[in-house]
Amino acid sequence: MVERRGWLTAVTHLVLIAGIAVLALPIYFAFVASTVGLRDIVEPPLPLVPGPFLFDNYGEALLRGVTQAAATPVALMMFNSLVMALVIAFGKIAISLLSAFAIVYFRFPLRMFFFWTIFVTLMLPVEVRILPTYEVVAGLGLLNTYAGLTIPLIASATATFLFRQFFLTVPDELAEAARVDGAGPLRFFADILLPLSRTNIAALFVILFIYGWNQYLWPLLVTTEASMTTIVIGINQMIAPGEDQTNWPVVMATTMLAMLPPVLVVVFMQRLFVKGLVETEK
Amino acid sequence: MEKRMVFGSTALPYLLVVPQLAITVVFFIWPASQALYQSVLIQDPFGLSTEFVWFENFAHLFTDPLYIAAFWTTAVFSALVTVLSLGLALLFAVMADRVIKGATAYKTLLIWPYAVAPAIAGVLWLFMFNPAIGLVSFYLKVLGYNWNHVLEGGQAMFLVVIAASWKQISYNFLFFLAGLQAIPRSLIEAAAIDGARPLRRFWTIVFPLLSPTTFFLIVVNVVYAFFDTFGIIHAVTKGGPGKATEILVYKVYADGFVGLDLGSSAAQSVVLMTIVVALTVVQFRYIERRVHY
């Protein structure tokens with residue numbers, strides 16, 4: 001701060017606190033709704049403080065689910081989401097590390113062609129090729145499988161670029177030293193390059209975990225069986241079209257559970273998260 | 001930039017790129033080319049015969065008032081989301097940049113909504129504005145305003161804009177804060193010595209210096225509003241009431257999966273691809289500038 005002005009500092013804190021309150025408000029009401037009985041909700045207004053049914057609602061959500069969503073227990077949905085998030089995050093990182101290594105450390109015919117082919121995926125988000133991609137996955141018999149849920153999403157131009165940029169900054173002397181010592185390319189990759197990329201991998205993992213956990217359109221298309229539902233899709237199925245029959249306390253408990261893992265990741269790995277976010281946008 | 005030192009091997013590099021390349025070709029390039037191919041065909045409803053029709057699907061599309069309407073809806077939606085989320089994020093970032101005590105706590109409390117899935121952001125706001133049980137709609141009714149986004153198109157648009165902006169503020173906030181912290185203190189101090197007050201310093205020094213970040217964020221936000229908000233629309237309004245909140249991405253899904261109009265859906269995919277390509281080009285050209293700045 002350049003100069004001190006008492007009132008300006010007060011305004012600053014006031015604005016920030018107001019901002020935080022506005023951002024947190026929907027979550028607070030969701031939390032309140034997840035701790036009260038259905039009766040408290042269908043007769044508005046909603047109470048302003050949490051009620052006594054926290055454990056009942058969360059227990060019911062986790063173990064039994066709601067009938068509209070074919071009574072799939074939310075614990076199973078969370079497991080599906082976790083599998084999806086982890087496979088997408090690790091898959092993207094693994095194949096991107098390998099292809100970036102090939103493109104940076106080798107000279108081979110078609111190298112730049114491959115590079116640009118990977119680049120093109122940046123311009124083809126799932127949203128613009130919904131139907132044909134669905135047909136491919138259906139044709140391969142991958143509907144309602146973890147493979148169908150994850151593999152089509154793990155090609156990554158962004159991650160490949162990120163690792164390429166990073167590999168280019170690694171001193172050539174390291175590779176030379178490794179070669180003099182008799183290490184082959186794979187040995188160099190595993191013993192030198194991977195340990196050096198640790199922070200980048202971790203930062204990318206945080207971003208990709210959130211990306212995978214929050215997927216919506218793709219699981220909506222590929223999973224039709226209740227046992228394969230992910231939690232983000234599950235919530236939507238729980239809200240009955242008529243809305244009268246929606247079991248809001250349990251739905252809101254599920255909503256809280258769906259937000260918890262990615263939010264915890266952001267809060268507790270904030271440094272890595274910010275690093276990953278800024279770097280994947282370059 | 002190239003490496004001086006490279007490994008010599010003939011088969012290994014191909015093996016290394018194969019996983020990435022296989023997935024790219026099977027799940028990206030091939031479907032995209034299928035979309036291109038189907039966009040020039042018309043298939044009869046039973047899938048028994050197809051006919052090559054050149055650009056008829058596109059001609060249909062751009063003379064279809066519903067498609068033009070979806071274009072406008074998307075434009076209005078993304079403009080509102082971009083302006084609202086950028087404006088608030090800039091305000092919070094400027095404030096957070098001034099704070100010395102508790103800066104980390106403020107930052108943490110402002111960035112977590114990034115982690116919330118768009119569809120869940122939609123459900124949260126849907127719950128608060130639910131015409132029958134929502135807290136906000138209840139108090140609006142007390143104040144004499146009848147809230148029913150299930151029937152009122154304008155209200156439905158308002159709701160999805162709020163939900164989409166709410167989620168995006170954190171992202172914009174982080175980039176604005178980084179941009180603000182990169183501005184040399186000496187410039188601002190010099191202006192202060194010359195007698196410029198805080199507001200004037202902001203408009204004449206900080207805001208112009210922030211413009212690269214702002215332009216970058218505008219592109220990112222437009223991309224977000226176009227493509228990443230499907231979950232919000234699907235969870236909150238399903239494009240309704242009527243077609244009031246049917247954005248382009250939702251229409252591709254609705255026409256292809258619900259309406260099963262393959263040719264039209266493919267043509268719409270191709271239009272969207274063109275938009276993504278254009279936005280990506282803008283983004284990359286612009287990022288070149290950002291690096292030089």
# chains A, B, ... in the order shown; residues from 1 in each chain; ligands from 1
$ select_by_dssp --residues "region 60-240 of chain B" --states "helix (DSSP H, G or I)" --output "PyMOL selection string"
chain B and resi 60-63+65-98+103-115+118-129+135-142+153-181+185-193+198-209+211-228+230-236
$ closest_atom_pairs --of "chain B" --to "chain A" --cutoff "6 Å" --atoms "only C-alpha atoms" --output "CSV"
residue,atom,partner,partner_atom,distance
B:Val6,CA,A:Tyr105,CA,4.9
B:Phe7,CA,A:Phe106,CA,5.5
B:Pro13,CA,A:Ala102,CA,4.9
B:Leu16,CA,A:Leu98,CA,5.2
B:Val17,CA,A:Ser99,CA,4.4
B:Gln20,CA,A:Ile95,CA,5.5
B:Ile23,CA,A:Ala155,CA,6.0
B:Thr24,CA,A:Ala155,CA,5.9
B:Phe27,CA,A:Pro152,CA,5.5
B:Pro31,CA,A:Pro132,CA,4.8
B:Ala32,CA,A:Arg129,CA,5.9
B:Met95,CA,A:Thr12,CA,5.3
B:Arg98,CA,A:Met1,CA,5.8
B:Leu110,CA,A:Ile20,CA,6.0
B:Trp112,CA,A:Val263,CA,5.9
B:Ala115,CA,A:Val263,CA,5.2
B:Val116,CA,A:Met259,CA,5.7
B:Ala117,CA,A:Asn214,CA,4.7
B:Leu124,CA,A:Pro26,CA,5.7
B:Ile133,CA,A:Pro44,CA,5.5
B:Leu135,CA,A:Pro45,CA,5.7
B:Gly231,CA,A:Tyr216,CA,6.0
B:Ser269,CA,A:Val128,CA,4.8
B:Leu272,CA,A:Val128,CA,5.8
B:Met273,CA,A:Val128,CA,6.0
B:Val276,CA,A:Met123,CA,5.7
B:Val277,CA,A:Met123,CA,5.6
$ atom_distance --atom1 "CA of Ala103 (chain B)" --atom2 "CA of Leu210 (chain B)"
20.4 Å
$ residues_around --residues "Ser197 (chain A)" --least-positions-apart "3" --cutoff "10 Å" --atoms "only C-alpha atoms" --output "PDB file with C-alpha atoms, in the first residue's frame"
ATOM      1  CA  LEU A  97       5.069 -37.030 -20.245  1.00  0.00           C
ATOM      2  CA  PHE A 163       6.000 -30.803 -20.160  1.00  0.00           C
ATOM      3  CA  PHE A 166       9.649 -27.720 -19.004  1.00  0.00           C
ATOM      4  CA  PHE A 167      11.895 -30.286 -20.724  1.00  0.00           C
ATOM      5  CA  VAL A 170      16.297 -28.804 -18.461  1.00  0.00           C
ATOM      6  CA  ILE A 192      16.516 -37.734 -14.037  1.00  0.00           C
ATOM      7  CA  LEU A 193      13.634 -36.203 -15.957  1.00  0.00           C
ATOM      8  CA  LEU A 194      10.781 -37.576 -13.852  1.00  0.00           C
ATOM      9  CA  ASN A 200       4.978 -29.756 -12.417  1.00  0.00           C
ATOM     10  CA  ILE A 201       3.367 -33.162 -12.188  1.00  0.00           C
ATOM     11  CA  ALA A 202       1.884 -32.355  -8.792  1.00  0.00           C
TER      12      ALA A 202
END
$ residues_around --residues "region 169-172 of chain B" --least-positions-apart "2" --cutoff "6 Å" --atoms "only C-alpha atoms" --output "ChimeraX atom specification"
/B:85,89,110-111,114,166-167,174-175
$ decode --residues "region 134-248 of chain A" --atoms "C-alpha atoms" --output "mmCIF file, in the first residue's frame"
data_model
loop_
_atom_site.group_PDB
_atom_site.id
_atom_site.type_symbol
_atom_site.label_atom_id
_atom_site.label_comp_id
_atom_site.auth_asym_id
_atom_site.auth_seq_id
_atom_site.Cartn_x
_atom_site.Cartn_y
_atom_site.Cartn_z
ATOM 1 C CA TYR A 134 -20.336 -41.207 -28.657
ATOM 2 C CA GLU A 135 -20.688 -43.436 -31.724
ATOM 3 C CA VAL A 136 -17.002 -44.378 -31.604
ATOM 4 C CA VAL A 137 -17.210 -45.291 -27.938
ATOM 5 C CA ALA A 138 -20.441 -47.213 -28.502
ATOM 6 C CA GLY A 139 -18.857 -49.015 -31.457
ATOM 7 C CA LEU A 140 -15.939 -50.098 -29.294
ATOM 8 C CA GLY A 141 -18.400 -51.479 -26.729
ATOM 9 C CA LEU A 142 -17.165 -49.082 -24.061
ATOM 10 C CA LEU A 143 -20.487 -47.634 -22.923
ATOM 11 C CA ASN A 144 -21.005 -48.011 -19.175
ATOM 12 C CA THR A 145 -17.379 -48.907 -18.536
ATOM 13 C CA TYR A 146 -14.654 -47.035 -16.719
ATOM 14 C CA ALA A 147 -12.573 -47.238 -19.890
ATOM 15 C CA GLY A 148 -15.259 -45.492 -21.934
ATOM 16 C CA LEU A 149 -15.680 -42.916 -19.208
ATOM 17 C CA THR A 150 -12.013 -41.993 -19.034
ATOM 18 C CA ILE A 151 -9.905 -42.943 -22.049
ATOM 19 C CA PRO A 152 -11.541 -40.556 -24.549
ATOM 20 C CA LEU A 153 -10.717 -37.686 -22.193
ATOM 21 C CA ILE A 154 -7.064 -38.410 -21.478
ATOM 22 C CA ALA A 155 -5.496 -37.025 -24.638
ATOM 23 C CA SER A 156 -4.046 -33.688 -23.585
ATOM 24 C CA ALA A 157 -2.440 -31.004 -25.661
ATOM 25 C CA THR A 158 -2.107 -28.688 -22.671
ATOM 26 C CA ALA A 159 -0.221 -31.188 -20.538
ATOM 27 C CA THR A 160 2.010 -32.166 -23.463
ATOM 28 C CA PHE A 161 2.912 -28.499 -24.042
ATOM 29 C CA LEU A 162 3.539 -27.923 -20.387
ATOM 30 C CA PHE A 163 6.000 -30.803 -20.160
ATOM 31 C CA ARG A 164 7.572 -29.871 -23.470
ATOM 32 C CA GLN A 165 8.206 -26.333 -22.198
ATOM 33 C CA PHE A 166 9.649 -27.720 -19.004
ATOM 34 C CA PHE A 167 11.895 -30.286 -20.724
ATOM 35 C CA LEU A 168 13.291 -27.557 -22.934
ATOM 36 C CA THR A 169 14.509 -25.730 -19.827
ATOM 37 C CA VAL A 170 16.297 -28.804 -18.461
ATOM 38 C CA PRO A 171 20.055 -28.304 -19.100
ATOM 39 C CA ASP A 172 21.444 -30.425 -21.948
ATOM 40 C CA GLU A 173 24.418 -31.269 -19.751
ATOM 41 C CA LEU A 174 22.221 -33.559 -17.686
ATOM 42 C CA ALA A 175 21.352 -35.689 -20.692
ATOM 43 C CA GLU A 176 24.970 -35.659 -21.850
ATOM 44 C CA ALA A 177 26.212 -36.705 -18.417
ATOM 45 C CA ALA A 178 23.640 -39.479 -18.330
ATOM 46 C CA ARG A 179 24.781 -40.698 -21.732
ATOM 47 C CA VAL A 180 28.452 -40.593 -20.782
ATOM 48 C CA ASP A 181 27.581 -42.670 -17.747
ATOM 49 C CA GLY A 182 25.982 -45.205 -20.023
ATOM 50 C CA ALA A 183 22.305 -44.485 -19.316
ATOM 51 C CA GLY A 184 19.888 -45.059 -22.156
ATOM 52 C CA PRO A 185 16.997 -42.706 -22.914
ATOM 53 C CA LEU A 186 14.500 -44.572 -20.751
ATOM 54 C CA ARG A 187 16.890 -44.647 -17.822
ATOM 55 C CA PHE A 188 17.480 -40.899 -18.227
ATOM 56 C CA PHE A 189 13.723 -40.331 -18.366
ATOM 57 C CA ALA A 190 12.988 -42.357 -15.256
ATOM 58 C CA ASP A 191 15.959 -41.358 -13.093
ATOM 59 C CA ILE A 192 16.516 -37.734 -14.037
ATOM 60 C CA LEU A 193 13.634 -36.203 -15.957
ATOM 61 C CA LEU A 194 10.781 -37.576 -13.852
ATOM 62 C CA PRO A 195 12.234 -36.476 -10.494
ATOM 63 C CA LEU A 196 12.912 -33.028 -11.955
ATOM 64 C CA SER A 197 9.297 -32.761 -13.145
ATOM 65 C CA ARG A 198 7.869 -33.593 -9.731
ATOM 66 C CA THR A 199 6.455 -30.139 -8.952
ATOM 67 C CA ASN A 200 4.978 -29.756 -12.417
ATOM 68 C CA ILE A 201 3.367 -33.162 -12.188
ATOM 69 C CA ALA A 202 1.884 -32.355 -8.792
ATOM 70 C CA ALA A 203 0.533 -28.989 -9.939
ATOM 71 C CA LEU A 204 -0.979 -30.531 -13.027
ATOM 72 C CA PHE A 205 -2.438 -33.358 -10.994
ATOM 73 C CA VAL A 206 -4.368 -30.923 -8.809
ATOM 74 C CA ILE A 207 -5.916 -29.210 -11.833
ATOM 75 C CA LEU A 208 -6.675 -32.456 -13.629
ATOM 76 C CA PHE A 209 -8.188 -34.091 -10.580
ATOM 77 C CA ILE A 210 -10.690 -31.235 -10.339
ATOM 78 C CA TYR A 211 -11.277 -31.404 -14.093
ATOM 79 C CA GLY A 212 -11.953 -35.134 -13.944
ATOM 80 C CA TRP A 213 -14.136 -35.041 -10.860
ATOM 81 C CA ASN A 214 -16.299 -32.272 -12.322
ATOM 82 C CA GLN A 215 -16.910 -33.847 -15.739
ATOM 83 C CA TYR A 216 -20.545 -33.639 -16.731
ATOM 84 C CA LEU A 217 -21.391 -33.938 -20.409
ATOM 85 C CA TRP A 218 -19.270 -36.996 -21.100
ATOM 86 C CA PRO A 219 -20.489 -39.187 -18.202
ATOM 87 C CA LEU A 220 -24.017 -38.048 -19.033
ATOM 88 C CA LEU A 221 -23.648 -39.587 -22.488
ATOM 89 C CA VAL A 222 -21.597 -42.668 -21.724
ATOM 90 C CA THR A 223 -23.144 -43.970 -18.517
ATOM 91 C CA THR A 224 -26.735 -45.128 -18.455
ATOM 92 C CA GLU A 225 -26.493 -47.820 -15.791
ATOM 93 C CA ALA A 226 -27.193 -46.680 -12.256
ATOM 94 C CA SER A 227 -24.112 -48.453 -10.917
ATOM 95 C CA MET A 228 -21.852 -46.349 -13.176
ATOM 96 C CA THR A 229 -23.338 -42.965 -12.265
ATOM 97 C CA THR A 230 -20.876 -40.323 -11.102
ATOM 98 C CA ILE A 231 -21.879 -38.050 -8.261
ATOM 99 C CA VAL A 232 -22.228 -34.869 -10.335
ATOM 100 C CA ILE A 233 -24.634 -36.658 -12.692
ATOM 101 C CA GLY A 234 -26.341 -38.410 -9.800
ATOM 102 C CA ILE A 235 -27.431 -35.170 -8.138
ATOM 103 C CA ASN A 236 -29.153 -34.066 -11.279
ATOM 104 C CA GLN A 237 -31.087 -37.329 -11.475
ATOM 105 C CA MET A 238 -32.146 -36.979 -7.843
ATOM 106 C CA ILE A 239 -34.019 -33.756 -8.495
ATOM 107 C CA ALA A 240 -37.425 -35.050 -9.552
ATOM 108 C CA PRO A 241 -38.913 -33.300 -12.571
ATOM 109 C CA GLY A 242 -42.123 -32.578 -10.653
ATOM 110 C CA GLU A 243 -39.926 -31.169 -7.877
ATOM 111 C CA ASP A 244 -42.580 -32.007 -5.269
ATOM 112 C CA GLN A 245 -41.094 -35.383 -4.575
ATOM 113 C CA THR A 246 -37.497 -34.243 -4.427
ATOM 114 C CA ASN A 247 -35.908 -35.307 -1.157
ATOM 115 C CA TRP A 248 -34.062 -32.013 -0.772
#
